[in-house]
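Enquirer: Got a structure for you, questions after.
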Amino acid sequence: MMDAYGDQPIMRATFAEASEVLRRDLWRMVSEGPAEELNLTVNTQPVMLAAGVACYRLWRDMGGKQPEFMAGHSLGEYTALTCAGALDFADAVRLVRLRAEAMQSAVPEGQGGMAAILGMDDEAVRTLCAEAAGDEVLAAVNYNSPGQVVIAGHRSAVERAMTLAKERGAKRALPLPVSVPSHCILMQPAADQLKLALASITIRPPAVRVIHNADVAEHGEAEAIRDALVRQLYQPVRWVETIRFMRAAGVDLFAECGPGKVLTGLNKRIVGEVPALGLTDATSMVQALQQTGN
């Protein structure tokens, strides 16, 4: 995405804003590496936020309509709130950096893990987690699409669940290349740190309806938004329900702003009758503009 939009002043300017906040050159990190530096969660999260916000700013600059709804998967919720005007961009950059640091420090390196379970229904995965947990933490944490659920917890419990999933007919059980077990109760210490940080951040009523991960609901009051962001760290991302909620409310096109098309693929599996576009280059941006009547 950076290559496709690298000549756009809005893209560069947005990354420059984020870089000034963090006092590190995020654009250089993306374009030149090294990959090891970019892949550190404390860098990845601000980069993903900047990319999503830049993409939305470009959309609006090109005449794109303001959407009826916004939502973001995990970190993307901060992007959605920023684009909806609830969070200042600089505050969001600081928050996601702090969030990443808090998540990494909540569970020592090597003790946590995550895995994607493919080909099992939600209830079967929850049962699997309950049986494989033992005296450790293990939970279903990302309901990404029908038949794709991510689990998280102590690494040994995740490994037991993967073995059990294969025995029970899962199509695949894939360990994810992460060390932080996101969205499970092991993230409670990180949530406590985030709560303290959010208390001093100005949050305004969103100009666009933002559907939150933790409760599949929209919130207009600052305190309710803070609470939803805190709970998001240790509660599941209910993405399937989120997309179905927006579809039921009349959404007839999904456009993904960010460095990739993962959500576009998930959305097609959730509500296949609704067009879904990843705004990853100028061609896809123009296509989306045409489909929305711009």
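Just remember, in the structure tokens the first chain shown is A, the second B, etc., residues are 1-based per chain, and ligands are 1-based in the order shown.
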Considering only C-alpha atoms, return as a PyMOL selection string whatever protein or nucleic-acid residues lie within 10 Å of region 283-287 of chain A, sequence-local ones (same chain, fewer than 4 positions apart) excluded.
Expert: chain A and resi 4+55+58-59+62+64+255+257+277-279+291-292+294
Enquirer: Using N, CA and C atoms, can you write the selected residues to a file as an mmCIF file, in the first residue's frame?
Expert:
```cif
data_model
loop_
_atom_site.group_PDB
_atom_site.id
_atom_site.type_symbol
_atom_site.label_atom_id
_atom_site.label_comp_id
_atom_site.auth_asym_id
_atom_site.auth_seq_id
_atom_site.Cartn_x
_atom_site.Cartn_y
_atom_site.Cartn_z
ATOM 1 N N ALA A 4 1.971 2.003 -3.454
ATOM 2 C CA ALA A 4 0.883 2.439 -4.319
ATOM 3 C C ALA A 4 0.486 3.882 -4.052
ATOM 4 N N CYS A 55 -5.273 6.736 4.439
ATOM 5 C CA CYS A 55 -6.140 6.226 3.382
ATOM 6 C C CYS A 55 -7.508 6.898 3.433
ATOM 7 N N LEU A 58 -7.310 10.503 2.270
ATOM 8 C CA LEU A 58 -7.212 10.560 0.812
ATOM 9 C C LEU A 58 -8.580 10.318 0.179
ATOM 10 N N TRP A 59 -9.319 9.367 0.710
ATOM 11 C CA TRP A 59 -10.676 9.082 0.235
ATOM 12 C C TRP A 59 -11.541 10.335 0.259
ATOM 13 N N MET A 62 -10.444 13.018 -2.239
ATOM 14 C CA MET A 62 -10.821 12.698 -3.617
ATOM 15 C C MET A 62 -12.322 12.809 -3.848
ATOM 16 N N GLY A 64 -14.683 11.320 -1.779
ATOM 17 C CA GLY A 64 -15.421 10.182 -1.239
ATOM 18 C C GLY A 64 -16.420 10.613 -0.175
ATOM 19 N N ALA A 255 -15.745 -0.746 2.485
ATOM 20 C CA ALA A 255 -14.447 -0.313 1.958
ATOM 21 C C ALA A 255 -13.444 -0.344 3.095
ATOM 22 N N CYS A 257 -9.970 0.660 4.732
ATOM 23 C CA CYS A 257 -8.882 1.634 4.723
ATOM 24 C C CYS A 257 -7.743 1.099 5.580
ATOM 25 N N LEU A 277 -14.412 -3.831 -0.812
ATOM 26 C CA LEU A 277 -13.231 -3.356 -1.533
ATOM 27 C C LEU A 277 -12.123 -2.997 -0.556
ATOM 28 N N GLY A 278 -10.902 -3.381 -0.881
ATOM 29 C CA GLY A 278 -9.748 -2.921 -0.135
ATOM 30 C C GLY A 278 -9.132 -1.733 -0.852
ATOM 31 N N LEU A 279 -9.061 -0.597 -0.196
ATOM 32 C CA LEU A 279 -8.555 0.624 -0.840
ATOM 33 C C LEU A 279 -7.030 0.650 -0.748
ATOM 34 N N GLN A 291 -18.540 3.338 -7.316
ATOM 35 C CA GLN A 291 -19.620 2.531 -6.763
ATOM 36 C C GLN A 291 -20.465 3.301 -5.765
ATOM 37 N N THR A 292 -19.896 4.360 -5.184
ATOM 38 C CA THR A 292 -20.668 5.161 -4.239
ATOM 39 C C THR A 292 -21.246 6.418 -4.892
ATOM 40 N N ASN A 294 -19.650 8.814 -6.688
ATOM 41 C CA ASN A 294 -18.802 10.003 -6.730
ATOM 42 C C ASN A 294 -18.214 10.199 -8.126
#
```
Enquirer: Excluding same-chain residues fewer than 5 positions from Ala115 (chain A), what lies within 6 Å of it counting only C-alpha atoms, as a list in words?
Expert: Val150, Ile151, Leu174, Pro175 and Leu176 of chain A
Enquirer: Dump N, CA and C atoms for the selected residues as an mmCIF file, in the first residue's frame?
Expert:
```
data_model
loop_
_atom_site.group_PDB
_atom_site.id
_atom_site.type_symbol
_atom_site.label_atom_id
_atom_site.label_comp_id
_atom_site.auth_asym_id
_atom_site.auth_seq_id
_atom_site.Cartn_x
_atom_site.Cartn_y
_atom_site.Cartn_z
ATOM 1 N N VAL A 150 -10.082 -17.267 16.198
ATOM 2 C CA VAL A 150 -8.740 -17.216 16.773
ATOM 3 C C VAL A 150 -8.841 -17.420 18.277
ATOM 4 N N ILE A 151 -7.938 -18.233 18.819
ATOM 5 C CA ILE A 151 -7.888 -18.473 20.254
ATOM 6 C C ILE A 151 -6.610 -17.857 20.813
ATOM 7 N N LEU A 174 -3.648 -23.222 13.087
ATOM 8 C CA LEU A 174 -2.408 -22.526 12.719
ATOM 9 C C LEU A 174 -1.923 -21.613 13.840
ATOM 10 N N PRO A 175 -0.712 -21.823 14.333
ATOM 11 C CA PRO A 175 -0.171 -20.872 15.309
ATOM 12 C C PRO A 175 0.085 -19.529 14.634
ATOM 13 N N LEU A 176 -0.208 -18.438 15.322
ATOM 14 C CA LEU A 176 0.026 -17.111 14.773
ATOM 15 C C LEU A 176 1.385 -16.593 15.254
#
```
Enquirer: With a distance cut-off of 6 Å and only C-alpha atoms, select the neighbouring residues of region 241-252 of chain A, excluding the residue or stretch itself and same-chain residues fewer than 2 positions from it, and output the selection as a list of chain:residue names.
Expert: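 Selected residues are A:Val216, A:Arg238, A:Trp239, A:Val274.
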Enquirer: What lies within 12 Å of Ala224 (chain A) using only C-alpha atoms, ignoring chain neighbours under 2 positions off, as a PyMOL selection string?
Expert: chain A and resi 195+198-199+203-206+212+214-215+217-222+226-231
Enquirer: Do you have the CA of Gly134 (chain A)-CA of Ser179 (chain A) distance handy?
Expert: 20.4 Å
Enquirer: Restricting the calculation to only C-alpha atoms: of A:Gln66, A:Gln148, A:Ser105, A:Ser19, which residue gets closest to Asn43 (chain A)?
Expert: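 Of all the options, A:Ser19 lies closest to Asn43 (chain A).
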Enquirer: Assign secondary structure with DSSP using the backbone only, and return the residues of region 39-241 of chain A in strand (DSSP E) as a PyMOL selection string.
Expert: chain A and resi 69-71+112-118+138-145+148-154+172-175+209-211
Enquirer: Could you find all residues in region 89-177 of chain A that DSSP calls helix (DSSP H, G or I) from the backbone, and write them as number ranges by chain?
Expert: A: 89-106, 122-133, 155-167
Enquirer: Figure out the distance between CA of Asn39 (chain A) and CA of Ile270 (chain A), please, to one decimal in Å.
Expert: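 Answer for the CA of Ile270 (chain A) to CA of Asn39 (chain A) separation: 28.8 Å.
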Enquirer: Which is closer to Glu123 (chain A) than all the others in A:Val93, A:Tyr143, A:Cys184, A:Ala106, using only C-alpha atoms?
Expert: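 When distances to Glu123 (chain A) are compared using only C-alpha atoms, the smallest one comes from A:Tyr143.
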Enquirer: Compare A:Thr41, A:Thr127, A:Thr79, A:Gln290 by their minimum atom-to-atom distance to Val53 (chain A), counting only C-alpha atoms, and give me the closest one.
Expert: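 Using only C-alpha atoms, the shortest distance to Val53 (chain A) belongs to A:Thr79.
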Enquirer: Env of region 165-173 of chain A: 12 Å cut, atoms = only C-alpha atoms, seq-sep filter 2 positions within chain, self excluded. Answer as a tab-separated table (two decimals) with all heavy atoms, in the first residue's frame.
Expert:
```
chain	number	residue	atom	x	y	z
A	114	MET	N	-1.26	-17.39	20.30
A	114	MET	CA	-2.54	-17.33	19.62
A	114	MET	C	-2.51	-18.33	18.47
A	114	MET	O	-1.45	-18.65	17.94
A	114	MET	CB	-2.83	-15.92	19.08
A	114	MET	CG	-2.86	-14.83	20.14
A	114	MET	SD	-3.24	-13.18	19.48
A	114	MET	CE	-5.02	-13.30	19.21
A	115	ALA	N	-3.70	-18.80	18.07
A	115	ALA	CA	-3.80	-19.72	16.94
A	115	ALA	C	-5.14	-19.53	16.26
A	115	ALA	O	-6.14	-19.17	16.90
A	115	ALA	CB	-3.65	-21.17	17.40
A	116	ALA	N	-5.15	-19.74	14.96
A	116	ALA	CA	-6.39	-19.68	14.19
A	116	ALA	C	-6.92	-21.10	14.01
A	116	ALA	O	-6.19	-21.99	13.56
A	116	ALA	CB	-6.14	-19.04	12.84
A	117	ILE	N	-8.19	-21.29	14.35
A	117	ILE	CA	-8.85	-22.58	14.19
A	117	ILE	C	-9.82	-22.45	13.02
A	117	ILE	O	-10.75	-21.63	13.06
A	117	ILE	CB	-9.61	-22.99	15.46
A	117	ILE	CG1	-8.70	-22.92	16.69
A	117	ILE	CG2	-10.20	-24.39	15.29
A	117	ILE	CD1	-7.50	-23.82	16.64
A	118	LEU	N	-9.60	-23.25	11.98
A	118	LEU	CA	-10.41	-23.16	10.77
A	118	LEU	C	-11.27	-24.40	10.61
A	118	LEU	O	-10.80	-25.53	10.82
A	118	LEU	CB	-9.51	-23.01	9.53
A	118	LEU	CG	-8.45	-21.90	9.58
A	118	LEU	CD1	-7.67	-21.87	8.27
A	118	LEU	CD2	-9.07	-20.56	9.87
A	119	GLY	N	-12.53	-24.18	10.27
A	119	GLY	CA	-13.41	-25.30	9.98
A	119	GLY	C	-14.17	-25.84	11.17
A	119	GLY	O	-14.71	-26.96	11.11
A	120	MET	N	-14.26	-25.09	12.24
A	120	MET	CA	-15.07	-25.47	13.40
A	120	MET	C	-16.01	-24.32	13.72
A	120	MET	O	-15.64	-23.15	13.56
A	120	MET	CB	-14.21	-25.79	14.62
A	120	MET	CG	-13.30	-26.99	14.46
A	120	MET	SD	-12.36	-27.37	15.96
A	120	MET	CE	-13.65	-28.10	17.00
A	121	ASP	N	-17.22	-24.63	14.20
A	121	ASP	CA	-18.14	-23.55	14.53
A	121	ASP	C	-17.76	-22.92	15.87
A	121	ASP	O	-16.94	-23.46	16.63
A	121	ASP	CB	-19.60	-24.02	14.51
A	121	ASP	CG	-19.92	-25.05	15.57
A	121	ASP	OD1	-19.41	-24.96	16.70
A	121	ASP	OD2	-20.72	-25.97	15.27
A	122	ASP	N	-18.35	-21.78	16.16
A	122	ASP	CA	-17.96	-21.00	17.34
A	122	ASP	C	-18.11	-21.79	18.64
A	122	ASP	O	-17.21	-21.78	19.49
A	122	ASP	CB	-18.82	-19.73	17.43
A	122	ASP	CG	-18.59	-18.77	16.27
A	122	ASP	OD1	-17.67	-19.03	15.46
A	122	ASP	OD2	-19.33	-17.77	16.18
A	124	ALA	N	-18.14	-24.99	19.13
A	124	ALA	CA	-17.16	-26.07	19.20
A	124	ALA	C	-15.80	-25.55	19.63
A	124	ALA	O	-15.07	-26.21	20.40
A	124	ALA	CB	-17.06	-26.78	17.85
A	125	VAL	N	-15.44	-24.36	19.17
A	125	VAL	CA	-14.16	-23.78	19.56
A	125	VAL	C	-14.18	-23.38	21.03
A	125	VAL	O	-13.19	-23.58	21.76
A	125	VAL	CB	-13.81	-22.57	18.67
A	125	VAL	CG1	-12.52	-21.90	19.16
A	125	VAL	CG2	-13.63	-23.00	17.22
A	126	ARG	N	-15.29	-22.82	21.49
A	126	ARG	CA	-15.39	-22.46	22.91
A	126	ARG	C	-15.27	-23.70	23.79
A	126	ARG	O	-14.61	-23.68	24.84
A	126	ARG	CB	-16.69	-21.71	23.17
A	126	ARG	CG	-16.70	-20.28	22.63
A	126	ARG	CD	-17.88	-19.48	23.14
A	126	ARG	NE	-19.13	-19.91	22.52
A	126	ARG	CZ	-19.66	-19.34	21.43
A	126	ARG	NH1	-19.03	-18.36	20.82
A	126	ARG	NH2	-20.82	-19.77	20.94
A	127	THR	N	-15.92	-24.79	23.39
A	127	THR	CA	-15.83	-26.05	24.13
A	127	THR	C	-14.40	-26.56	24.14
A	127	THR	O	-13.87	-27.02	25.17
A	127	THR	CB	-16.76	-27.10	23.51
A	127	THR	OG1	-18.11	-26.62	23.58
A	127	THR	CG2	-16.65	-28.43	24.23
A	128	LEU	N	-13.75	-26.47	22.99
A	128	LEU	CA	-12.35	-26.87	22.84
A	128	LEU	C	-11.47	-26.11	23.83
A	128	LEU	O	-10.62	-26.70	24.52
A	128	LEU	CB	-11.92	-26.57	21.41
A	128	LEU	CG	-10.51	-26.93	20.98
A	128	LEU	CD1	-10.41	-28.41	20.67
A	128	LEU	CD2	-10.13	-26.12	19.74
A	129	CYS	N	-11.67	-24.82	23.92
A	129	CYS	CA	-10.87	-23.98	24.82
A	129	CYS	C	-11.08	-24.37	26.28
A	129	CYS	O	-10.13	-24.45	27.06
A	129	CYS	CB	-11.20	-22.50	24.61
A	129	CYS	SG	-10.60	-21.82	23.06
A	131	GLU	N	-11.89	-27.23	27.46
A	131	GLU	CA	-11.31	-28.54	27.74
A	131	GLU	C	-9.78	-28.51	27.72
A	131	GLU	O	-9.12	-29.24	28.46
A	131	GLU	CB	-11.83	-29.56	26.74
A	131	GLU	CG	-13.33	-29.82	26.88
A	131	GLU	CD	-13.83	-30.84	25.87
A	131	GLU	OE1	-12.99	-31.53	25.26
A	131	GLU	OE2	-15.06	-30.94	25.70
A	132	ALA	N	-9.21	-27.67	26.85
A	132	ALA	CA	-7.75	-27.64	26.71
A	132	ALA	C	-7.07	-26.71	27.71
A	132	ALA	O	-5.86	-26.80	27.91
A	132	ALA	CB	-7.38	-27.21	25.29
A	147	GLY	N	-16.51	-20.13	10.66
A	147	GLY	CA	-15.49	-21.15	10.48
A	147	GLY	C	-14.07	-20.69	10.68
A	147	GLY	O	-13.13	-21.46	10.47
A	148	GLN	N	-13.87	-19.45	11.11
A	148	GLN	CA	-12.52	-18.96	11.42
A	148	GLN	C	-12.54	-18.22	12.75
A	148	GLN	O	-13.06	-17.11	12.85
A	148	GLN	CB	-11.98	-18.02	10.33
A	148	GLN	CG	-10.54	-17.60	10.61
A	148	GLN	CD	-10.01	-16.55	9.67
A	148	GLN	OE1	-9.43	-15.56	10.08
A	148	GLN	NE2	-10.18	-16.78	8.37
A	149	VAL	N	-12.02	-18.87	13.76
A	149	VAL	CA	-11.98	-18.31	15.11
A	149	VAL	C	-10.54	-18.36	15.61
A	149	VAL	O	-9.86	-19.38	15.47
A	149	VAL	CB	-12.89	-19.08	16.07
A	149	VAL	CG1	-12.85	-18.46	17.48
A	149	VAL	CG2	-14.33	-19.11	15.56
A	150	VAL	N	-10.08	-17.27	16.20
A	150	VAL	CA	-8.74	-17.22	16.77
A	150	VAL	C	-8.84	-17.42	18.28
A	150	VAL	O	-9.74	-16.88	18.93
A	150	VAL	CB	-8.05	-15.87	16.45
A	150	VAL	CG1	-6.73	-15.75	17.21
A	150	VAL	CG2	-7.81	-15.75	14.95
A	151	ILE	N	-7.94	-18.23	18.82
A	151	ILE	CA	-7.89	-18.47	20.25
A	151	ILE	C	-6.61	-17.86	20.81
A	151	ILE	O	-5.63	-17.64	20.09
A	151	ILE	CB	-7.95	-19.98	20.58
A	151	ILE	CG1	-6.74	-20.72	19.98
A	151	ILE	CG2	-9.26	-20.58	20.04
A	151	ILE	CD1	-6.66	-22.20	20.37
A	158	VAL	N	-2.64	-23.16	24.31
A	158	VAL	CA	-2.92	-22.99	22.87
A	158	VAL	C	-2.43	-24.21	22.10
A	158	VAL	O	-3.13	-24.72	21.21
A	158	VAL	CB	-2.24	-21.71	22.34
A	158	VAL	CG1	-2.33	-21.64	20.82
A	158	VAL	CG2	-2.87	-20.47	22.96
A	159	GLU	N	-1.27	-24.71	22.46
A	159	GLU	CA	-0.73	-25.89	21.77
A	159	GLU	C	-1.61	-27.11	22.00
A	159	GLU	O	-1.85	-27.90	21.08
A	159	GLU	CB	0.71	-26.13	22.23
A	159	GLU	CG	1.67	-25.05	21.74
A	159	GLU	CD	3.05	-25.15	22.38
A	159	GLU	OE1	3.19	-25.95	23.35
A	159	GLU	OE2	3.96	-24.44	21.93
A	160	ARG	N	-2.10	-27.29	23.23
A	160	ARG	CA	-3.00	-28.42	23.51
A	160	ARG	C	-4.28	-28.29	22.69
A	160	ARG	O	-4.80	-29.28	22.14
A	160	ARG	CB	-3.35	-28.46	25.00
A	160	ARG	CG	-2.21	-28.89	25.90
A	160	ARG	CD	-2.69	-29.24	27.30
A	160	ARG	NE	-3.29	-28.11	28.00
A	160	ARG	CZ	-2.60	-27.26	28.75
A	160	ARG	NH1	-1.27	-27.37	28.87
A	160	ARG	NH2	-3.21	-26.27	29.39
A	161	ALA	N	-4.80	-27.07	22.58
A	161	ALA	CA	-6.04	-26.85	21.83
A	161	ALA	C	-5.84	-27.13	20.34
A	161	ALA	O	-6.74	-27.67	19.69
A	161	ALA	CB	-6.52	-25.41	22.03
A	162	MET	N	-4.69	-26.78	19.81
A	162	MET	CA	-4.43	-27.04	18.40
A	162	MET	C	-4.43	-28.55	18.11
A	162	MET	O	-5.00	-29.00	17.12
A	162	MET	CB	-3.09	-26.42	17.99
A	162	MET	CG	-3.09	-24.89	17.96
A	162	MET	SD	-1.43	-24.21	17.72
A	162	MET	CE	-0.99	-24.92	16.14
A	163	THR	N	-3.80	-29.31	18.99
A	163	THR	CA	-3.79	-30.77	18.82
A	163	THR	C	-5.19	-31.34	18.90
A	163	THR	O	-5.60	-32.16	18.07
A	163	THR	CB	-2.90	-31.40	19.91
A	163	THR	OG1	-1.56	-30.91	19.78
A	163	THR	CG2	-2.89	-32.92	19.78
A	175	PRO	N	-0.71	-21.82	14.33
A	175	PRO	CA	-0.17	-20.87	15.31
A	175	PRO	C	0.09	-19.53	14.63
A	175	PRO	O	0.53	-19.47	13.48
A	175	PRO	CB	1.14	-21.53	15.75
A	175	PRO	CG	1.53	-22.41	14.60
A	175	PRO	CD	0.24	-22.89	13.98
A	176	LEU	N	-0.21	-18.44	15.32
A	176	LEU	CA	0.03	-17.11	14.77
A	176	LEU	C	1.39	-16.59	15.25
A	176	LEU	O	1.77	-16.84	16.40
A	176	LEU	CB	-1.09	-16.15	15.19
A	176	LEU	CG	-2.51	-16.56	14.77
A	176	LEU	CD1	-3.51	-15.48	15.17
A	176	LEU	CD2	-2.58	-16.83	13.27
```
Enquirer: To one decimal place, how far is CA of Arg99 (chain A) from CA of Met48 (chain A) in Å?
Expert: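 CA of Arg99 (chain A) sits 13.4 Å away from CA of Met48 (chain A).
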Enquirer: When you count only C-alpha atoms, which of these residues is closest to Gln8 (chain A): A:Gln104, A:Met70, A:Leu38, A:Asp281?
Expert: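 Closest to Gln8 (chain A) of all the choices is A:Asp281.
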Enquirer: Kindly indicate which residue among A:Gly113, A:Ala84, A:Ala16, A:Asp135 lies nearest to Pro177 (chain A), using only C-alpha atoms for the distances.
Expert: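 With only C-alpha atoms as the atom set, the closest residue is A:Gly113.
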Enquirer: When you count only C-alpha atoms, which of these residues is closest to Leu253 (chain A): A:Asn213, A:Arg12, A:Leu95, A:Glu68?
Expert: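 Checking each of A:Asn213, A:Arg12, A:Leu95, A:Glu68 against Leu253 (chain A), counting only C-alpha atoms, the winner is A:Glu68.
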